[in-house]
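my_file.cif (mmCIF, C-alpha atoms and all ligand atoms) appears below.
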data_input
#
loop_
_atom_site.group_PDB
_atom_site.id
_atom_site.type_symbol
_atom_site.label_atom_id
_atom_site.label_comp_id
_atom_site.auth_asym_id
_atom_site.auth_seq_id
_atom_site.Cartn_x
_atom_site.Cartn_y
_atom_site.Cartn_z
ATOM 1 C CA SER A 665 50.758 -8.638 -0.781
ATOM 2 C CA ALA A 666 52.731 -11.392 -2.511
ATOM 3 C CA ARG A 667 50.192 -11.310 -5.345
ATOM 4 C CA LEU A 668 51.963 -8.302 -6.881
ATOM 5 C CA LEU A 669 55.573 -9.381 -6.282
ATOM 6 C CA THR A 670 57.685 -11.239 -8.822
ATOM 7 C CA TYR A 671 58.467 -14.888 -8.171
ATOM 8 C CA ALA A 672 62.152 -13.934 -7.835
ATOM 9 C CA GLN A 673 61.378 -11.306 -5.173
ATOM 10 C CA ARG A 674 59.331 -13.848 -3.269
ATOM 11 C CA ALA A 675 62.169 -16.391 -3.471
ATOM 12 C CA GLU A 676 64.455 -13.957 -1.641
ATOM 13 C CA ASN A 677 61.986 -13.596 1.234
ATOM 14 C CA HIS A 678 61.338 -17.306 1.679
ATOM 15 C CA HIS A 679 63.119 -19.419 4.294
ATOM 16 C CA ASN A 680 61.747 -22.857 3.520
ATOM 17 C CA PRO A 681 64.261 -24.489 1.119
ATOM 18 C CA ALA A 682 61.623 -26.172 -1.078
ATOM 19 C CA ALA A 683 59.528 -22.998 -1.458
ATOM 20 C CA LYS A 684 62.629 -20.940 -2.182
ATOM 21 C CA ALA A 685 63.872 -23.414 -4.801
ATOM 22 C CA LEU A 686 60.449 -23.594 -6.458
ATOM 23 C CA LEU A 687 60.115 -19.794 -6.680
ATOM 24 C CA GLU A 688 63.663 -19.507 -8.058
ATOM 25 C CA THR A 689 62.971 -22.210 -10.639
ATOM 26 C CA ILE A 690 59.741 -20.518 -11.748
ATOM 27 C CA GLY A 691 61.601 -17.232 -12.275
ATOM 28 C CA ARG A 692 64.584 -18.837 -14.010
ATOM 29 C CA LYS A 693 62.504 -20.925 -16.428
ATOM 30 C CA LYS A 694 59.686 -18.410 -16.825
ATOM 31 C CA SER A 695 57.270 -21.227 -16.059
ATOM 32 C CA ASN A 696 54.546 -21.490 -13.439
ATOM 33 C CA LEU A 697 53.428 -24.791 -14.973
ATOM 34 C CA CYS A 698 53.309 -28.023 -12.980
ATOM 35 C CA VAL A 699 52.534 -31.109 -15.049
ATOM 36 C CA SER A 700 50.644 -33.923 -13.357
ATOM 37 C CA VAL A 701 51.765 -37.235 -14.878
ATOM 38 C CA ASP A 702 48.997 -39.652 -13.926
ATOM 39 C CA VAL A 703 49.958 -42.674 -16.041
ATOM 40 C CA THR A 704 50.343 -46.299 -14.987
ATOM 41 C CA LYS A 705 53.566 -47.474 -16.685
ATOM 42 C CA GLN A 706 57.118 -46.469 -15.729
ATOM 43 C CA ALA A 707 58.185 -46.055 -19.369
ATOM 44 C CA ASP A 708 55.300 -43.676 -20.210
ATOM 45 C CA PHE A 709 55.870 -41.742 -16.995
ATOM 46 C CA LEU A 710 59.568 -41.134 -17.716
ATOM 47 C CA ARG A 711 59.054 -40.441 -21.436
ATOM 48 C CA ILE A 712 56.350 -37.812 -20.803
ATOM 49 C CA ILE A 713 58.486 -36.089 -18.172
ATOM 50 C CA ASP A 714 61.467 -35.960 -20.542
ATOM 51 C CA VAL A 715 59.205 -34.329 -23.183
ATOM 52 C CA VAL A 716 57.594 -31.717 -20.912
ATOM 53 C CA GLY A 717 60.687 -31.120 -18.736
ATOM 54 C CA PRO A 718 61.897 -27.938 -20.491
ATOM 55 C CA TYR A 719 58.518 -26.215 -19.971
ATOM 56 C CA ILE A 720 57.796 -26.889 -16.306
ATOM 57 C CA CYS A 721 58.845 -25.785 -12.839
ATOM 58 C CA LEU A 722 57.432 -28.848 -11.078
ATOM 59 C CA VAL A 723 56.419 -32.451 -11.815
ATOM 60 C CA LYS A 724 53.488 -33.802 -9.831
ATOM 61 C CA THR A 725 53.394 -37.548 -9.298
ATOM 62 C CA HIS A 726 50.976 -40.187 -8.027
ATOM 63 C CA VAL A 727 53.613 -42.953 -7.662
ATOM 64 C CA ASP A 728 51.058 -45.411 -6.307
ATOM 65 C CA VAL A 729 49.308 -45.664 -9.694
ATOM 66 C CA ILE A 730 52.428 -47.043 -11.435
ATOM 67 C CA GLU A 731 51.762 -50.774 -12.001
ATOM 68 C CA ASP A 732 55.341 -51.834 -12.773
ATOM 69 C CA PHE A 733 56.951 -49.591 -10.132
ATOM 70 C CA GLU A 734 60.591 -50.233 -9.228
ATOM 71 C CA PHE A 735 62.609 -47.892 -7.061
ATOM 72 C CA SER A 736 65.057 -47.333 -9.934
ATOM 73 C CA MET A 737 62.288 -45.249 -11.548
ATOM 74 C CA ILE A 738 62.887 -42.706 -8.791
ATOM 75 C CA ASP A 739 66.578 -42.533 -9.729
ATOM 76 C CA ARG A 740 65.573 -41.855 -13.364
ATOM 77 C CA LEU A 741 63.097 -39.201 -12.154
ATOM 78 C CA LYS A 742 65.858 -37.507 -10.158
ATOM 79 C CA GLU A 743 68.122 -37.550 -13.244
ATOM 80 C CA LEU A 744 65.372 -35.868 -15.286
ATOM 81 C CA SER A 745 64.879 -33.313 -12.513
ATOM 82 C CA ALA A 746 68.572 -32.376 -12.769
ATOM 83 C CA LYS A 747 68.606 -32.476 -16.594
ATOM 84 C CA HIS A 748 65.573 -30.213 -17.027
ATOM 85 C CA ASP A 749 65.734 -28.161 -13.811
ATOM 86 C CA PHE A 750 62.399 -28.887 -12.133
ATOM 87 C CA LEU A 751 61.260 -29.908 -8.650
ATOM 88 C CA ILE A 752 59.191 -32.932 -7.626
ATOM 89 C CA PHE A 753 55.792 -32.963 -5.878
ATOM 90 C CA GLU A 754 54.341 -36.320 -4.806
ATOM 91 C CA ASP A 755 50.582 -35.718 -4.562
ATOM 92 C CA ARG A 756 50.119 -38.163 -1.657
ATOM 93 C CA LYS A 757 47.258 -36.344 0.097
ATOM 94 C CA PHE A 758 48.127 -37.643 3.564
ATOM 95 C CA ALA A 759 45.093 -37.708 5.868
ATOM 96 C CA ASP A 760 45.886 -39.654 9.064
ATOM 97 C CA ILE A 761 47.228 -39.058 12.584
ATOM 98 C CA GLY A 762 50.772 -37.696 12.956
ATOM 99 C CA ASN A 763 52.451 -40.981 13.859
ATOM 100 C CA THR A 764 50.940 -42.816 10.882
ATOM 101 C CA VAL A 765 51.675 -40.127 8.286
ATOM 102 C CA ALA A 766 55.296 -39.904 9.486
ATOM 103 C CA LEU A 767 55.640 -43.642 8.681
ATOM 104 C CA GLN A 768 53.808 -43.317 5.363
ATOM 105 C CA TYR A 769 56.020 -40.366 4.376
ATOM 106 C CA SER A 770 59.387 -41.906 5.304
ATOM 107 C CA SER A 771 58.911 -45.644 4.818
ATOM 108 C CA GLY A 772 57.083 -48.324 2.850
ATOM 109 C CA VAL A 773 57.701 -49.007 -0.837
ATOM 110 C CA TYR A 774 57.962 -45.362 -1.899
ATOM 111 C CA LYS A 775 60.012 -43.552 0.809
ATOM 112 C CA ILE A 776 58.444 -40.308 -0.444
ATOM 113 C CA SER A 777 60.420 -38.007 1.856
ATOM 114 C CA SER A 778 63.716 -39.207 0.348
ATOM 115 C CA TRP A 779 62.973 -37.805 -3.133
ATOM 116 C CA SER A 780 59.923 -35.504 -3.185
ATOM 117 C CA HIS A 781 60.667 -31.835 -2.472
ATOM 118 C CA ILE A 782 57.016 -31.098 -1.825
ATOM 119 C CA THR A 783 54.050 -33.200 -0.726
ATOM 120 C CA ASN A 784 50.492 -32.444 0.372
ATOM 121 C CA ALA A 785 48.059 -33.292 3.148
ATOM 122 C CA HIS A 786 44.414 -32.868 4.071
ATOM 123 C CA PRO A 787 43.953 -30.761 7.226
ATOM 124 C CA ILE A 788 41.088 -33.024 8.401
ATOM 125 C CA PRO A 789 43.020 -34.742 11.269
ATOM 126 C CA GLY A 790 44.074 -31.395 12.827
ATOM 127 C CA PRO A 791 47.564 -29.948 13.463
ATOM 128 C CA GLY A 792 49.098 -33.325 14.442
ATOM 129 C CA ILE A 793 49.324 -34.216 10.755
ATOM 130 C CA ILE A 794 51.688 -31.260 10.264
ATOM 131 C CA THR A 795 53.762 -32.170 13.325
ATOM 132 C CA GLY A 796 54.092 -35.761 12.093
ATOM 133 C CA LEU A 797 55.086 -34.870 8.530
ATOM 134 C CA SER A 798 57.373 -32.067 9.714
ATOM 135 C CA SER A 799 59.307 -34.460 11.978
ATOM 136 C CA ILE A 800 60.423 -36.237 8.794
ATOM 137 C CA GLY A 801 60.350 -33.432 6.218
ATOM 138 C CA THR A 802 61.883 -30.452 8.017
ATOM 139 C CA PRO A 803 65.329 -32.058 8.592
ATOM 140 C CA LEU A 804 65.357 -32.855 4.838
ATOM 141 C CA GLY A 805 64.408 -29.311 3.769
ATOM 142 C CA ARG A 806 61.007 -30.385 2.400
ATOM 143 C CA GLY A 807 57.798 -28.343 2.144
ATOM 144 C CA LEU A 808 54.151 -29.211 2.787
ATOM 145 C CA ILE A 809 51.058 -28.037 0.911
ATOM 146 C CA LEU A 810 47.696 -28.204 2.717
ATOM 147 C CA LEU A 811 44.492 -28.835 0.756
ATOM 148 C CA ALA A 812 42.437 -25.785 1.743
ATOM 149 C CA GLU A 813 40.040 -26.193 -1.181
ATOM 150 C CA MET A 814 39.499 -28.696 -4.006
ATOM 151 C CA SER A 815 38.652 -28.390 -7.683
ATOM 152 C CA SER A 816 35.935 -31.033 -7.682
ATOM 153 C CA LYS A 817 32.164 -30.479 -7.676
ATOM 154 C CA GLY A 818 30.547 -30.711 -4.248
ATOM 155 C CA THR A 819 33.813 -30.498 -2.282
ATOM 156 C CA LEU A 820 33.403 -30.252 1.500
ATOM 157 C CA ALA A 821 36.595 -28.150 1.726
ATOM 158 C CA SER A 822 34.972 -24.708 1.874
ATOM 159 C CA GLY A 823 33.905 -22.024 4.329
ATOM 160 C CA ALA A 824 35.023 -22.631 7.925
ATOM 161 C CA TYR A 825 37.019 -25.726 6.875
ATOM 162 C CA THR A 826 39.105 -23.612 4.483
ATOM 163 C CA SER A 827 39.617 -20.858 7.106
ATOM 164 C CA GLN A 828 40.793 -23.391 9.670
ATOM 165 C CA ALA A 829 43.177 -24.971 7.166
ATOM 166 C CA VAL A 830 44.778 -21.542 6.667
ATOM 167 C CA GLN A 831 44.986 -21.004 10.434
ATOM 168 C CA MET A 832 46.719 -24.382 10.841
ATOM 169 C CA ALA A 833 49.237 -23.365 8.185
ATOM 170 C CA ARG A 834 49.918 -19.988 9.848
ATOM 171 C CA ALA A 835 50.927 -21.798 13.024
ATOM 172 C CA HIS A 836 53.534 -23.827 11.035
ATOM 173 C CA ARG A 837 54.838 -21.359 8.471
ATOM 174 C CA ASP A 838 58.326 -22.902 8.457
ATOM 175 C CA PHE A 839 57.087 -26.210 6.985
ATOM 176 C CA VAL A 840 53.696 -25.412 5.412
ATOM 177 C CA ILE A 841 54.614 -23.480 2.278
ATOM 178 C CA GLY A 842 51.183 -23.098 0.741
ATOM 179 C CA PHE A 843 47.865 -24.523 -0.329
ATOM 180 C CA ILE A 844 46.002 -26.440 -2.926
ATOM 181 C CA ALA A 845 43.302 -23.813 -3.440
ATOM 182 C CA MET A 846 41.272 -22.173 -6.176
ATOM 183 C CA ARG A 847 42.202 -18.578 -5.197
ATOM 184 C CA ARG A 848 44.645 -16.651 -2.992
ATOM 185 C CA MET A 849 44.132 -17.223 0.723
ATOM 186 C CA ASP A 850 45.293 -13.710 1.755
ATOM 187 C CA GLY A 851 43.127 -12.604 4.660
ATOM 188 C CA VAL A 852 41.199 -15.903 4.925
ATOM 189 C CA GLY A 853 40.597 -16.784 8.583
ATOM 190 C CA ALA A 854 42.653 -13.729 9.574
ATOM 191 C CA GLU A 855 40.122 -11.787 11.659
ATOM 192 C CA GLY A 856 41.896 -10.085 14.564
ATOM 193 C CA LEU A 857 45.430 -10.872 13.384
ATOM 194 C CA ASP A 858 48.156 -8.251 13.009
ATOM 195 C CA SER A 859 47.891 -6.683 9.539
ATOM 196 C CA THR A 860 51.625 -6.125 8.914
ATOM 197 C CA ASP A 861 52.329 -9.713 9.885
ATOM 198 C CA LEU A 862 49.643 -10.841 7.431
ATOM 199 C CA ALA A 863 51.002 -8.593 4.682
ATOM 200 C CA ASN A 864 54.367 -10.347 4.999
ATOM 201 C CA GLU A 865 52.970 -13.870 4.810
ATOM 202 C CA ASP A 866 53.583 -15.623 1.512
ATOM 203 C CA PHE A 867 51.805 -18.899 0.926
ATOM 204 C CA LEU A 868 52.168 -20.471 -2.510
ATOM 205 C CA ILE A 869 48.858 -21.274 -4.177
ATOM 206 C CA LEU A 870 49.046 -24.400 -6.355
ATOM 207 C CA THR A 871 45.900 -24.855 -8.397
ATOM 208 C CA PRO A 872 44.603 -27.977 -10.156
ATOM 209 C CA GLY A 873 41.513 -28.065 -12.342
ATOM 210 C CA VAL A 874 43.192 -26.219 -15.221
ATOM 211 C CA GLY A 875 42.262 -26.904 -18.845
ATOM 212 C CA LEU A 876 41.955 -24.891 -22.035
ATOM 213 C CA ASP A 877 39.853 -27.320 -24.079
ATOM 214 C CA ALA A 878 37.395 -28.870 -21.594
ATOM 215 C CA LYS A 879 35.136 -27.617 -18.797
ATOM 216 C CA GLY A 880 35.381 -30.791 -16.735
ATOM 217 C CA ASP A 881 35.192 -34.577 -16.803
ATOM 218 C CA SER A 882 32.445 -37.114 -16.050
ATOM 219 C CA MET A 883 33.617 -37.579 -12.434
ATOM 220 C CA GLY A 884 33.270 -34.085 -11.003
ATOM 221 C CA GLN A 885 36.532 -32.449 -12.068
ATOM 222 C CA GLN A 886 36.041 -28.775 -13.048
ATOM 223 C CA TYR A 887 38.444 -26.820 -15.282
ATOM 224 C CA ARG A 888 39.292 -23.143 -15.518
ATOM 225 C CA THR A 889 41.794 -21.462 -17.833
ATOM 226 C CA PRO A 890 45.316 -20.377 -16.775
ATOM 227 C CA ARG A 891 44.150 -16.777 -17.142
ATOM 228 C CA GLU A 892 41.209 -17.245 -14.768
ATOM 229 C CA VAL A 893 43.411 -19.068 -12.284
ATOM 230 C CA VAL A 894 46.547 -16.880 -12.280
ATOM 231 C CA LEU A 895 45.266 -13.427 -13.248
ATOM 232 C CA GLU A 896 41.715 -13.368 -11.874
ATOM 233 C CA SER A 897 42.149 -15.641 -8.830
ATOM 234 C CA GLY A 898 45.794 -14.765 -8.058
ATOM 235 C CA CYS A 899 47.105 -18.352 -7.913
ATOM 236 C CA ASP A 900 50.839 -19.059 -8.346
ATOM 237 C CA VAL A 901 51.237 -22.454 -10.019
ATOM 238 C CA ILE A 902 48.890 -24.104 -12.526
ATOM 239 C CA ILE A 903 48.650 -27.898 -12.293
ATOM 240 C CA VAL A 904 47.714 -29.539 -15.600
ATOM 241 C CA GLY A 905 47.299 -33.280 -16.142
ATOM 242 C CA ARG A 906 45.147 -34.680 -18.943
ATOM 243 C CA GLY A 907 45.186 -31.355 -20.802
ATOM 244 C CA ILE A 908 48.855 -32.099 -21.503
ATOM 245 C CA TYR A 909 49.730 -35.797 -21.217
ATOM 246 C CA GLY A 910 46.371 -36.935 -22.617
ATOM 247 C CA LYS A 911 46.859 -35.217 -25.960
ATOM 248 C CA GLY A 912 48.430 -37.898 -28.176
ATOM 249 C CA ASN A 913 52.003 -38.384 -29.325
ATOM 250 C CA ASP A 914 55.149 -36.790 -27.941
ATOM 251 C CA ALA A 915 54.989 -33.846 -30.362
ATOM 252 C CA ASP A 916 51.415 -33.073 -29.263
ATOM 253 C CA ILE A 917 52.358 -33.360 -25.583
ATOM 254 C CA GLN A 918 55.310 -31.037 -26.100
ATOM 255 C CA ALA A 919 53.110 -28.512 -27.940
ATOM 256 C CA GLN A 920 50.529 -28.556 -25.153
ATOM 257 C CA ALA A 921 53.188 -28.086 -22.468
ATOM 258 C CA GLU A 922 54.558 -25.068 -24.313
ATOM 259 C CA ARG A 923 51.004 -23.718 -24.784
ATOM 260 C CA TYR A 924 50.134 -23.949 -21.073
ATOM 261 C CA ARG A 925 53.526 -22.520 -20.066
ATOM 262 C CA LYS A 926 52.954 -19.478 -22.293
ATOM 263 C CA GLU A 927 49.385 -18.945 -21.080
ATOM 264 C CA GLY A 928 50.348 -19.264 -17.416
ATOM 265 C CA TRP A 929 53.308 -16.920 -17.758
ATOM 266 C CA ALA A 930 51.355 -14.273 -19.716
ATOM 267 C CA ALA A 931 48.653 -14.294 -17.019
ATOM 268 C CA TYR A 932 51.322 -13.779 -14.324
ATOM 269 C CA GLU A 933 53.003 -10.931 -16.233
ATOM 270 C CA GLU A 934 49.663 -9.222 -16.617
ATOM 271 C CA ARG A 935 48.923 -9.730 -12.907
ATOM 272 C CA ILE A 936 52.116 -8.099 -11.621
ATOM 273 C CA SER A 937 51.895 -5.239 -14.132
ATOM 274 C CA VAL A 938 48.588 -3.833 -12.806
HETATM 275 O O1 LIG B 1001 44.331 -32.037 -14.965
HETATM 276 P P1 LIG B 1001 43.715 -33.334 -14.503
HETATM 277 O O2 LIG B 1001 42.252 -33.199 -14.201
HETATM 278 O O3 LIG B 1001 44.010 -34.479 -15.430
HETATM 279 O O4 LIG B 1001 44.475 -33.745 -13.159
HETATM 280 C C1 LIG B 1001 44.441 -32.958 -12.001
HETATM 281 C C2 LIG B 1001 45.408 -33.489 -10.966
HETATM 282 C C3 LIG B 1001 45.102 -34.900 -10.485
HETATM 283 C C4 LIG B 1001 44.423 -34.707 -9.142
HETATM 284 O O5 LIG B 1001 44.748 -35.763 -8.231
HETATM 285 C C5 LIG B 1001 44.985 -33.381 -8.653
HETATM 286 O O6 LIG B 1001 45.369 -32.651 -9.814
HETATM 287 N N1 LIG B 1001 44.055 -32.532 -7.847
HETATM 288 C C6 LIG B 1001 44.412 -32.052 -6.567
HETATM 289 C C7 LIG B 1001 45.777 -32.017 -6.044
HETATM 290 C C8 LIG B 1001 46.885 -31.647 -6.877
HETATM 291 O O7 LIG B 1001 45.984 -32.123 -4.844
HETATM 292 C C9 LIG B 1001 43.460 -31.441 -5.757
HETATM 293 C C10 LIG B 1001 42.199 -31.125 -6.302
HETATM 294 O O8 LIG B 1001 41.376 -30.488 -5.659
HETATM 295 N N2 LIG B 1001 41.935 -31.485 -7.588
HETATM 296 C C11 LIG B 1001 42.830 -32.170 -8.371
HETATM 297 O O9 LIG B 1001 42.514 -32.445 -9.539
HETATM 298 O O10 LIG B 1001 46.332 -35.594 -10.325
#

What do you get writing this file as structure tokens?
Ligand code: 6AU
Amino acid sequence: SARLLTYAQRAENHHNPAAKALLETIGRKKSNLCVSVDVTKQADFLRIIDVVGPYICLVKTHVDVIEDFEFSMIDRLKELSAKHDFLIFEDRKFADIGNTVALQYSSGVYKISSWSHITNAHPIPGPGIITGLSSIGTPLGRGLILLAEMSSKGTLASGAYTSQAVQMARAHRDFVIGFIAMRRMDGVGAEGLDSTDLANEDFLILTPGVGLDAKGDSMGQQYRTPREVVLESGCDVIIVGRGIYGKGNDADIQAQAERYRKEGWAAYEERISV
């Protein structure tokens, strides 16, 4: 199973360009850290990314929370992505019919498909959401992450819902590169499927709800440590927001980014060594 392979080995086996590039970047930078930059001003957004850039494989954005958004911010983001060698993940959480999500992905103010290597979607509408997003994203070499589980208390994404999300992804392995999930999805919803085929499948598990200093927030978020997430649950990328950008001045933010990078990488090294 992919759980015991190195990121570099997995990069060689991957055909989706975004998944391949992400796995290569993780190996090259020795970082499985994705920073989520959920701030509301362009200047703060760009400054934080410049500070954490050296320590991350991926920046996760919520562009629709930026109050003073101008499209030139995307050009600056792309420059930082080249300067620091990271990929971009717009956390759009699409959740509509195929035709609508294709428009939301390609058009409007943000034109997400033109700059975001990876985006995500809820499986709730059924496979048409993948077809719609793929019609835009596949020609551009993009990758899609499905939300198979969530980090929040009381989430409805569990049990049969999670299994069916994984089954939807298996039917579109060229474009769906992985999941937002709290654990590996190996074998989930796989009853009756060919075991060698399953052993060769390699979905990336990107996991939010990661924090070293808090257990949660007042609105249902729940945190686990990088060690619990990567070593015990077998996830591939830790997504950290307030645990990094919420920690004060630039020096503090930089120190936190380095701390989470080290913790996430040590947990991975321990995982592949057993
Ligand atoms: O570290 P935090 O709690 O400050 O931020 C976590 C980030 C937020 C959420 O929108 C996002 O991760 N997130 C997601 C994603 C990435 O899809 C899913 C989920 O289940 N929980 C979660 O927190 O930007």

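In this comparison, which uses only C-alpha atoms, the residue of A:Gln828, A:Ser695, A:Gln706, A:Thr670 approaching Val727 of chain A most closely is A:Gln706.
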
Query raised in the report: What residues come out when you apply the PyMOL selection byres (((not hetatm)) within 7 of (chain B and resi 1001)) to this file, written as a PyMOL selection string?
Result: chain A and resi 700+702+726+755+757+784+811+813-816+844+872-875+885+903-907

Requested in this report: May I have the residues within 10 Å of segment 886-891 of chain A as a ChimeraX atom specification, using all atoms listed in the file and disregarding those fewer than 4 positions away in the same chain?
Outcome: /A:696-697,814-817,846,871-882,895-899,901-904,907,924-932,934-935

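Nearest residue to Gly762 of chain A, choosing from A:His781, A:His748, A:His786, A:Lys775 and counting all atoms listed in the file: A:His786.
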
Requested in this report: Taking the file as shown, find all residues satisfying the PyMOL selection byres (((chain A and resi 812) around 7) and not hetatm) and write them as a list in words.
Outcome: Leu810, Leu811, Glu813, Ala821, Thr826, Ala829, Val830, Phe843, Ile844 and Ala845 of chain A

Requested in this report: Name the closest residue to Pro803 of chain A among the candidates A:Asn680, A:Pro787, A:Ile936, A:Ile841; distances are taken between atoms, counting all atoms listed in the file.
Outcome: A:Asn680
